[in-house]
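A short write-up of the structure that comes next.
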Amino acid sequence: MTHSSDTKGYEVGYDDAGKVQIIEGEAREDVTEALDAGVQATALEGGCTASAGTMETAARAAGKSDILDQYAKDYPKGPHDQPQSMCPAFGSLRVGLRMKRVATILSGSACCVYGLTFVSHFYGARRSVGYVPFDSESLVTGKLFEDIRESVHDMADPDRYDAIVVTNLCVPTASGVPLRLLPREINGVRIVGIDVPGFGIPTHAEAKDVLAGAMLKYAREEVKAGPVARPVGGKHDRPTVALLGEMFPADPMMIGAMLAPMGLAAGPVVPTREWRELYAALDCGVAAAIHPFYTAAVREFQAAGRKIVGSAPVGHDGTAAWLAAIGDAYNVNPDMIAAAQNAFLPAIKGALAGSQINGTVTLSGYEGSELLVARLLIDSGADVPYVGTACPRTEWSRPDAEWLEAKGVKIVYRASLEDDLAAVDAIKPDLAIGTTPVVQHAKERGIPSLYFTNLISARPLMGPAGAGSLAQVVNAAIAGKEKMDTMRAFFEGVGHGDTAGVWEGSPNLRPDFRAAHQKKLDKMARAAKAQEMI
Ligand code: SF4
């Protein structure tokens, strides 16, 4: 116990900890001067934890208005702001990591980079993700940009890489880190800088388009500037149709077989697996927007003078219409279009007849292929009253939307989790296909359910191969209803949500904590709203 004349009262000490010297930092004037208040707040507040409005305002103040306006045009939001989705940057990260001889560097908060790296390795990236760390000082003084430039120079080894992709995550985007000032190319290694902020790109699907579009733009400028390298697989002897959207590996082969009677061939799939495929993709006459959300990539194809055809060869009517649309776009003789249709439509009809689905299915997802899968389910005999997609309505899914709406399907674009759950509760389907929380919600109610991404997206969908592919998994799931009921009965009474489990006494509910937290959330929401109005 100590008592000195200049302290008021007594200070109780149990060890020497009270005597340690504390170094107090002084604000550095040069840094403080450089700090813009908005940028500083953004740097300190972080990404997901700051409101999207705050981040966007900071990004605009930091000179990123052009890019945010372009994103708003390419990836329109609404009916509500943003579907619940994983960090959008995962989409572009995955596209880069899947490409041969392409290195990836992330610039963002360590927690974001940790999460993104974790998920990419969870999905088998087998590739290192580069990271340029920062703190609030290096962010606001511009040192982060210098660090990024240095790391790009260090990595630019033409023996190892064709390109290096540098991605600004939320905080560096909001702070205006100017990736456009990076050298365009170092020792022949292309440098592609993109901003992929969660407050500008609604879904990870659309983030794939950001990188695919940026690479196509780069490749198109290279083509304009002079001869480029031939694709490793050589050049096709027939005119090609480039395919936009990641799909099951057998699907492009199936599409190629269906195009052959029209004298056409399937071109590369965009996002591509290597740089040279970008040239081959741009060399097509027609690009097929199989996934309808590739707005930036479509812009590049159009700038190269290519025609775009929406929808995809799924099911009977879908394949017939798609082959006709591709044939028309290529001015193929109608007899040859009919030959392609006659060669495949009977096989599709046969496959559909042999694999019927009997039941009501609700469908929701964020892959962008939801409308195509719904078509296939309906062609297989299923009743599909509701389709929710996290992607926006675009011109390229219009034929599918019209076909589905004519069958009485309700389509919700930019569907929120609440939309999807409400559909499951109202319809009580025989099967709910959806995202993880939708599947969990359905299972709790004893409704059989399937994950869209793992179990539906990972199947062939196109032509005769796709026609019968869903029935097996869907019928097996629907037949599991009894199992779900048994399981539900078994777990009956074990509680729900945060009170789930076997308790010795009653769970300690703290409605007061909940109310206080809700108040905090409401206050944040009000502040964000007020910010929007400014
Ligand atoms: S980069 Fe992704 S995880 Fe990080 S703040 Fe932005 S949206 Fe959230």
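Every chain in the structure tokens takes a letter, A first, then B, and so on in the order presented; its residues are numbered from 1, and the ligands are numbered from 1 following the presented order.
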Checklist entry - How would you write, as a count of residues only, the set of residues no farther than 7 Å from ligand 1 when counting only C-alpha atoms and all ligand atoms? => result 15
Would you mind listing what lies within 12 Å of Ile427 in chain A as a PDB file with N, CA and C atoms, in the first residue's frame, with only C-alpha atoms counted and same-chain residues fewer than 2 positions away left out?
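Final output, saved to result_25.pdb:
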```
ATOM      1  N   GLY A 359     -42.658 -34.162 -57.367  1.00  0.00           N
ATOM      2  CA  GLY A 359     -42.682 -33.456 -56.089  1.00  0.00           C
ATOM      3  C   GLY A 359     -42.547 -31.958 -56.279  1.00  0.00           C
ATOM      4  N   THR A 360     -42.745 -31.233 -55.166  1.00  0.00           N
ATOM      5  CA  THR A 360     -42.630 -29.770 -55.205  1.00  0.00           C
ATOM      6  C   THR A 360     -41.256 -29.382 -54.651  1.00  0.00           C
ATOM      7  N   VAL A 361     -40.582 -28.506 -55.404  1.00  0.00           N
ATOM      8  CA  VAL A 361     -39.210 -28.136 -55.032  1.00  0.00           C
ATOM      9  C   VAL A 361     -39.100 -26.611 -54.972  1.00  0.00           C
ATOM     10  N   THR A 362     -38.535 -26.074 -53.894  1.00  0.00           N
ATOM     11  CA  THR A 362     -38.158 -24.654 -53.892  1.00  0.00           C
ATOM     12  C   THR A 362     -36.652 -24.591 -54.123  1.00  0.00           C
ATOM     13  N   LEU A 363     -36.224 -23.519 -54.781  1.00  0.00           N
ATOM     14  CA  LEU A 363     -34.829 -23.458 -55.217  1.00  0.00           C
ATOM     15  C   LEU A 363     -34.246 -22.087 -54.903  1.00  0.00           C
ATOM     16  N   ASP A 383     -42.616 -29.735 -59.678  1.00  0.00           N
ATOM     17  CA  ASP A 383     -43.364 -28.492 -59.543  1.00  0.00           C
ATOM     18  C   ASP A 383     -42.438 -27.522 -58.806  1.00  0.00           C
ATOM     19  N   VAL A 384     -42.080 -26.409 -59.461  1.00  0.00           N
ATOM     20  CA  VAL A 384     -41.146 -25.454 -58.832  1.00  0.00           C
ATOM     21  C   VAL A 384     -41.851 -24.105 -58.688  1.00  0.00           C
ATOM     22  N   PRO A 385     -42.458 -23.848 -57.534  1.00  0.00           N
ATOM     23  CA  PRO A 385     -43.201 -22.588 -57.414  1.00  0.00           C
ATOM     24  C   PRO A 385     -42.318 -21.372 -57.124  1.00  0.00           C
ATOM     25  N   TYR A 386     -41.081 -21.583 -56.596  1.00  0.00           N
ATOM     26  CA  TYR A 386     -40.266 -20.431 -56.163  1.00  0.00           C
ATOM     27  C   TYR A 386     -38.797 -20.631 -56.539  1.00  0.00           C
ATOM     28  N   VAL A 387     -38.211 -19.588 -57.133  1.00  0.00           N
ATOM     29  CA  VAL A 387     -36.769 -19.572 -57.384  1.00  0.00           C
ATOM     30  C   VAL A 387     -36.202 -18.259 -56.839  1.00  0.00           C
ATOM     31  N   LYS A 410     -42.467 -18.154 -59.400  1.00  0.00           N
ATOM     32  CA  LYS A 410     -42.147 -16.820 -58.864  1.00  0.00           C
ATOM     33  C   LYS A 410     -40.627 -16.727 -58.741  1.00  0.00           C
ATOM     34  N   ASP A 420     -35.981 -16.469 -49.019  1.00  0.00           N
ATOM     35  CA  ASP A 420     -35.877 -17.915 -49.251  1.00  0.00           C
ATOM     36  C   ASP A 420     -36.542 -18.711 -48.131  1.00  0.00           C
ATOM     37  N   LEU A 421     -36.333 -18.276 -46.888  1.00  0.00           N
ATOM     38  CA  LEU A 421     -36.920 -19.002 -45.758  1.00  0.00           C
ATOM     39  C   LEU A 421     -38.442 -18.869 -45.771  1.00  0.00           C
ATOM     40  N   ALA A 422     -38.916 -17.667 -46.100  1.00  0.00           N
ATOM     41  CA  ALA A 422     -40.368 -17.460 -46.143  1.00  0.00           C
ATOM     42  C   ALA A 422     -40.985 -18.371 -47.201  1.00  0.00           C
ATOM     43  N   ALA A 423     -40.293 -18.562 -48.321  1.00  0.00           N
ATOM     44  CA  ALA A 423     -40.820 -19.429 -49.381  1.00  0.00           C
ATOM     45  C   ALA A 423     -40.903 -20.870 -48.884  1.00  0.00           C
ATOM     46  N   VAL A 424     -39.879 -21.323 -48.187  1.00  0.00           N
ATOM     47  CA  VAL A 424     -39.888 -22.698 -47.658  1.00  0.00           C
ATOM     48  C   VAL A 424     -41.044 -22.860 -46.671  1.00  0.00           C
ATOM     49  N   ASP A 425     -41.209 -21.864 -45.781  1.00  0.00           N
ATOM     50  CA  ASP A 425     -42.272 -21.972 -44.774  1.00  0.00           C
ATOM     51  C   ASP A 425     -43.657 -21.949 -45.403  1.00  0.00           C
ATOM     52  N   PRO A 429     -42.273 -27.405 -49.238  1.00  0.00           N
ATOM     53  CA  PRO A 429     -42.017 -28.262 -50.409  1.00  0.00           C
ATOM     54  C   PRO A 429     -41.618 -29.685 -49.998  1.00  0.00           C
ATOM     55  N   ASP A 430     -41.598 -30.578 -51.003  1.00  0.00           N
ATOM     56  CA  ASP A 430     -41.090 -31.934 -50.747  1.00  0.00           C
ATOM     57  C   ASP A 430     -39.562 -31.884 -50.663  1.00  0.00           C
ATOM     58  N   LEU A 431     -38.976 -30.847 -51.272  1.00  0.00           N
ATOM     59  CA  LEU A 431     -37.525 -30.692 -51.238  1.00  0.00           C
ATOM     60  C   LEU A 431     -37.176 -29.213 -51.328  1.00  0.00           C
ATOM     61  N   ALA A 432     -36.270 -28.778 -50.458  1.00  0.00           N
ATOM     62  CA  ALA A 432     -35.764 -27.395 -50.548  1.00  0.00           C
ATOM     63  C   ALA A 432     -34.315 -27.469 -51.005  1.00  0.00           C
ATOM     64  N   ALA A 442     -34.796 -25.854 -43.391  1.00  0.00           N
ATOM     65  CA  ALA A 442     -35.712 -26.886 -43.884  1.00  0.00           C
ATOM     66  C   ALA A 442     -35.568 -28.164 -43.061  1.00  0.00           C
ATOM     67  N   ILE A 447     -38.075 -31.096 -43.529  1.00  0.00           N
ATOM     68  CA  ILE A 447     -38.202 -31.029 -44.998  1.00  0.00           C
ATOM     69  C   ILE A 447     -36.872 -31.462 -45.619  1.00  0.00           C
TER      70      ILE A 447
END
```
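Between CA of Val165 in chain A and CA of Leu216 in chain A the separation is 13.1 Å.
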Next on the checklist: Counting only C-alpha atoms, which residue out of A:Met484, A:Ala320, A:Ala426, A:Ala296 sits closest to Ser449 in chain A?
Outcome noted: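 Closest residue, counting only C-alpha atoms: A:Met484.
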Checklist entry - When distances are computed from only C-alpha atoms, which of A:Met487, A:Leu139, A:Met155, A:Ala205 shows the smallest separation from Thr453 in chain A? => result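 Under the stated criterion, the closest residue is A:Ala205.
The closest residue to Gln356 in chain A, picked from A:Gly480, A:Ala103, A:Ala467, A:Ala288 and counting only C-alpha atoms, is A:Ala467.
Taking only C-alpha atoms into account, Glu56 in chain A lies nearest to A:Gly200 out of the set A:Ala325, A:Gly200, A:Ser107, A:Asp154.
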Item to check | Nearest to Val223 in chain A by atom-to-atom distance, counting only C-alpha atoms, from A:Gly188, A:Pro183, A:Pro392, A:Asp283 | outcome: A:Asp283
Item to check | Nearest to Arg230 in chain A, chosen from A:Ala304, A:Ala280, A:Asp485, A:Tyr218, with only C-alpha atoms counted in the distances | outcome: A:Ala280
Next on the checklist: One decimal, in Å: what's the spacing between CA of Leu93 in chain A and CA of Val228 in chain A?
Outcome noted: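 Result for CA of Leu93 in chain A versus CA of Val228 in chain A: 25.7 Å, one decimal.
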Taking the DSSP secondary structure from the backbone, can you list the residues of range 361-471 of chain A that are strand (DSSP E), as an mmCIF file with C-alpha atoms, in the first residue's frame?
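Listed below is the output, result03.cif:
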```
data_model
loop_
_atom_site.group_PDB
_atom_site.id
_atom_site.type_symbol
_atom_site.label_atom_id
_atom_site.label_comp_id
_atom_site.auth_asym_id
_atom_site.auth_seq_id
_atom_site.Cartn_x
_atom_site.Cartn_y
_atom_site.Cartn_z
ATOM 1 C CA VAL A 361 -39.210 -28.136 -55.032
ATOM 2 C CA THR A 362 -38.158 -24.654 -53.892
ATOM 3 C CA LEU A 363 -34.829 -23.458 -55.217
ATOM 4 C CA SER A 364 -32.449 -20.759 -54.027
ATOM 5 C CA GLY A 365 -28.779 -20.061 -54.603
ATOM 6 C CA ASP A 383 -43.364 -28.492 -59.543
ATOM 7 C CA VAL A 384 -41.146 -25.454 -58.832
ATOM 8 C CA PRO A 385 -43.201 -22.588 -57.414
ATOM 9 C CA TYR A 386 -40.266 -20.431 -56.163
ATOM 10 C CA VAL A 387 -36.769 -19.572 -57.384
ATOM 11 C CA GLY A 388 -34.591 -17.148 -55.409
ATOM 12 C CA THR A 389 -31.275 -15.986 -56.826
ATOM 13 C CA LYS A 410 -42.147 -16.820 -58.864
ATOM 14 C CA ILE A 411 -38.598 -15.562 -59.386
ATOM 15 C CA VAL A 412 -36.967 -13.320 -56.787
ATOM 16 C CA TYR A 413 -33.749 -11.604 -57.919
ATOM 17 C CA LEU A 431 -37.525 -30.692 -51.238
ATOM 18 C CA ALA A 432 -35.764 -27.395 -50.548
ATOM 19 C CA ILE A 433 -32.642 -26.788 -52.608
ATOM 20 C CA GLY A 434 -30.676 -23.867 -51.245
ATOM 21 C CA SER A 449 -33.072 -30.446 -48.520
ATOM 22 C CA LEU A 450 -29.989 -30.280 -50.718
ATOM 23 C CA TYR A 451 -27.112 -27.793 -50.887
#
```
Item to check | Spatial neighbours of range 497-514 of chain A, 12 Å, only C-alpha atoms, chain gap at least 5 places, as a ChimeraX atom specification | outcome: /A:440-441,444,491-492,519-521
Next on the checklist: Neighbouring residues of Ile201 in chain A were defined as those with any atom within 12 Å, considering only C-alpha atoms; residues of the same chain fewer than 3 positions away were excluded. Please report them as number ranges by chain.
Outcome noted: A: 52, 56, 67-77, 81-83, 85-92, 169-170, 173, 194-198, 204-211, 293, 390-392
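One distance worth recording is that between CA of Pro313 in chain A and CA of Val95 in chain A, which is 24.0 Å.
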Item to check | 12 Å contact set for His316 in chain A, only C-alpha atoms, chain neighbours under 3 positions out, as a PyMOL selection string | outcome: chain A and resi 312-313+319-323+341-342+344-353+372+375-380+403+461-468
Checklist entry - Residues at most 7 Å from range 333-337 of chain A, counting only C-alpha atoms, excluding those fewer than 2 positions away in the same chain, as a list in words? => result Pro261, Met262, Leu323, Ala324, Gly327, Asn331, Ala339, Ala340 and Gln341 of chain A
Could those residues be written to a file, using C-alpha atoms, as a short mmCIF file (atom, residue, chain, number, x, y, z; two decimals), in the first residue's frame?
```cif
data_model
loop_
_atom_site.label_atom_id
_atom_site.label_comp_id
_atom_site.auth_asym_id
_atom_site.auth_seq_id
_atom_site.Cartn_x
_atom_site.Cartn_y
_atom_site.Cartn_z
CA PRO A 261 -23.76 -30.21 -86.70
CA MET A 262 -23.89 -26.42 -87.28
CA LEU A 323 -29.25 -23.86 -80.60
CA ALA A 324 -31.55 -21.71 -82.74
CA GLY A 327 -27.31 -20.55 -85.22
CA ASN A 331 -26.11 -16.91 -89.68
CA ALA A 339 -29.97 -30.93 -87.95
CA ALA A 340 -28.40 -30.00 -84.59
CA GLN A 341 -31.81 -29.90 -82.92
#
```
Next on the checklist: If you run DSSP on the backbone here, which positions in range 115-200 of chain A get alpha helix (DSSP H)? Please write them as a PyMOL selection string.
Outcome noted: chain A and resi 115-122+136-141+143-155+170-174
Keeping only N, CA and C atoms, write the selected residues to a file as a short mmCIF file (atom, residue, chain, number, x, y, z; two decimals), in the first residue's frame.
```
data_model
loop_
_atom_site.label_atom_id
_atom_site.label_comp_id
_atom_site.auth_asym_id
_atom_site.auth_seq_id
_atom_site.Cartn_x
_atom_site.Cartn_y
_atom_site.Cartn_z
N GLY A 115 -9.51 -14.99 -43.51
CA GLY A 115 -10.75 -15.70 -43.89
C GLY A 115 -10.73 -16.14 -45.34
N LEU A 116 -10.31 -15.24 -46.22
CA LEU A 116 -10.31 -15.56 -47.66
C LEU A 116 -9.31 -16.67 -47.97
N THR A 117 -8.14 -16.59 -47.34
CA THR A 117 -7.12 -17.62 -47.58
C THR A 117 -7.63 -18.97 -47.07
N PHE A 118 -8.24 -18.94 -45.89
CA PHE A 118 -8.76 -20.17 -45.31
C PHE A 118 -9.77 -20.82 -46.26
N VAL A 119 -10.72 -20.02 -46.72
CA VAL A 119 -11.77 -20.59 -47.58
C VAL A 119 -11.17 -21.09 -48.90
N SER A 120 -10.20 -20.34 -49.43
CA SER A 120 -9.64 -20.78 -50.72
C SER A 120 -8.91 -22.11 -50.55
N HIS A 121 -8.24 -22.31 -49.42
CA HIS A 121 -7.57 -23.60 -49.21
C HIS A 121 -8.57 -24.68 -48.87
N PHE A 122 -9.65 -24.31 -48.22
CA PHE A 122 -10.72 -25.26 -47.94
C PHE A 122 -11.26 -25.82 -49.27
N SER A 136 -2.71 1.36 -39.86
CA SER A 136 -3.41 2.59 -40.26
C SER A 136 -2.43 3.65 -40.75
N GLU A 137 -1.18 3.61 -40.25
CA GLU A 137 -0.22 4.62 -40.70
C GLU A 137 0.21 4.37 -42.14
N SER A 138 0.58 3.10 -42.43
CA SER A 138 1.06 2.85 -43.80
C SER A 138 -0.09 3.02 -44.80
N LEU A 139 -1.32 2.83 -44.31
CA LEU A 139 -2.47 2.99 -45.19
C LEU A 139 -2.65 4.45 -45.59
N VAL A 140 -2.61 5.32 -44.58
CA VAL A 140 -2.96 6.71 -44.88
C VAL A 140 -1.78 7.54 -45.40
N THR A 141 -0.56 7.05 -45.20
CA THR A 141 0.58 7.83 -45.71
C THR A 141 0.95 7.43 -47.14
N LYS A 143 2.25 4.57 -47.87
CA LYS A 143 3.33 3.58 -47.82
C LYS A 143 2.81 2.21 -48.28
N LEU A 144 1.53 1.93 -48.02
CA LEU A 144 0.96 0.64 -48.43
C LEU A 144 1.10 0.47 -49.94
N PHE A 145 0.80 1.54 -50.67
CA PHE A 145 0.91 1.44 -52.13
C PHE A 145 2.36 1.14 -52.53
N GLU A 146 3.30 1.83 -51.84
CA GLU A 146 4.72 1.57 -52.15
C GLU A 146 5.07 0.12 -51.85
N ASP A 147 4.54 -0.41 -50.74
CA ASP A 147 4.80 -1.81 -50.37
C ASP A 147 4.23 -2.77 -51.42
N ILE A 148 3.04 -2.43 -51.92
CA ILE A 148 2.42 -3.29 -52.94
C ILE A 148 3.29 -3.27 -54.19
N ARG A 149 3.72 -2.05 -54.56
CA ARG A 149 4.54 -1.94 -55.77
C ARG A 149 5.84 -2.76 -55.62
N GLU A 150 6.41 -2.68 -54.43
CA GLU A 150 7.66 -3.42 -54.19
C GLU A 150 7.42 -4.92 -54.30
N SER A 151 6.31 -5.38 -53.71
CA SER A 151 6.07 -6.83 -53.72
C SER A 151 5.77 -7.31 -55.14
N VAL A 152 5.11 -6.47 -55.93
CA VAL A 152 4.83 -6.84 -57.32
C VAL A 152 6.14 -6.96 -58.09
N HIS A 153 7.05 -6.01 -57.85
CA HIS A 153 8.37 -6.07 -58.51
C HIS A 153 9.12 -7.33 -58.09
N ASP A 154 9.04 -7.66 -56.80
CA ASP A 154 9.74 -8.86 -56.30
C ASP A 154 9.21 -10.12 -56.95
N MET A 155 7.91 -10.13 -57.18
CA MET A 155 7.29 -11.38 -57.67
C MET A 155 7.33 -11.53 -59.18
N CYS A 170 -11.84 -4.30 -48.91
CA CYS A 170 -12.65 -3.14 -48.51
C CYS A 170 -11.85 -1.92 -48.05
N VAL A 171 -10.99 -2.13 -47.04
CA VAL A 171 -10.34 -0.95 -46.43
C VAL A 171 -9.42 -0.22 -47.42
N PRO A 172 -8.54 -0.94 -48.14
CA PRO A 172 -7.71 -0.21 -49.11
C PRO A 172 -8.54 0.45 -50.23
N THR A 173 -9.66 -0.16 -50.60
CA THR A 173 -10.51 0.50 -51.61
C THR A 173 -11.08 1.79 -51.03
N ALA A 174 -11.62 1.66 -49.79
CA ALA A 174 -12.22 2.84 -49.16
C ALA A 174 -11.18 3.94 -48.94
#
```
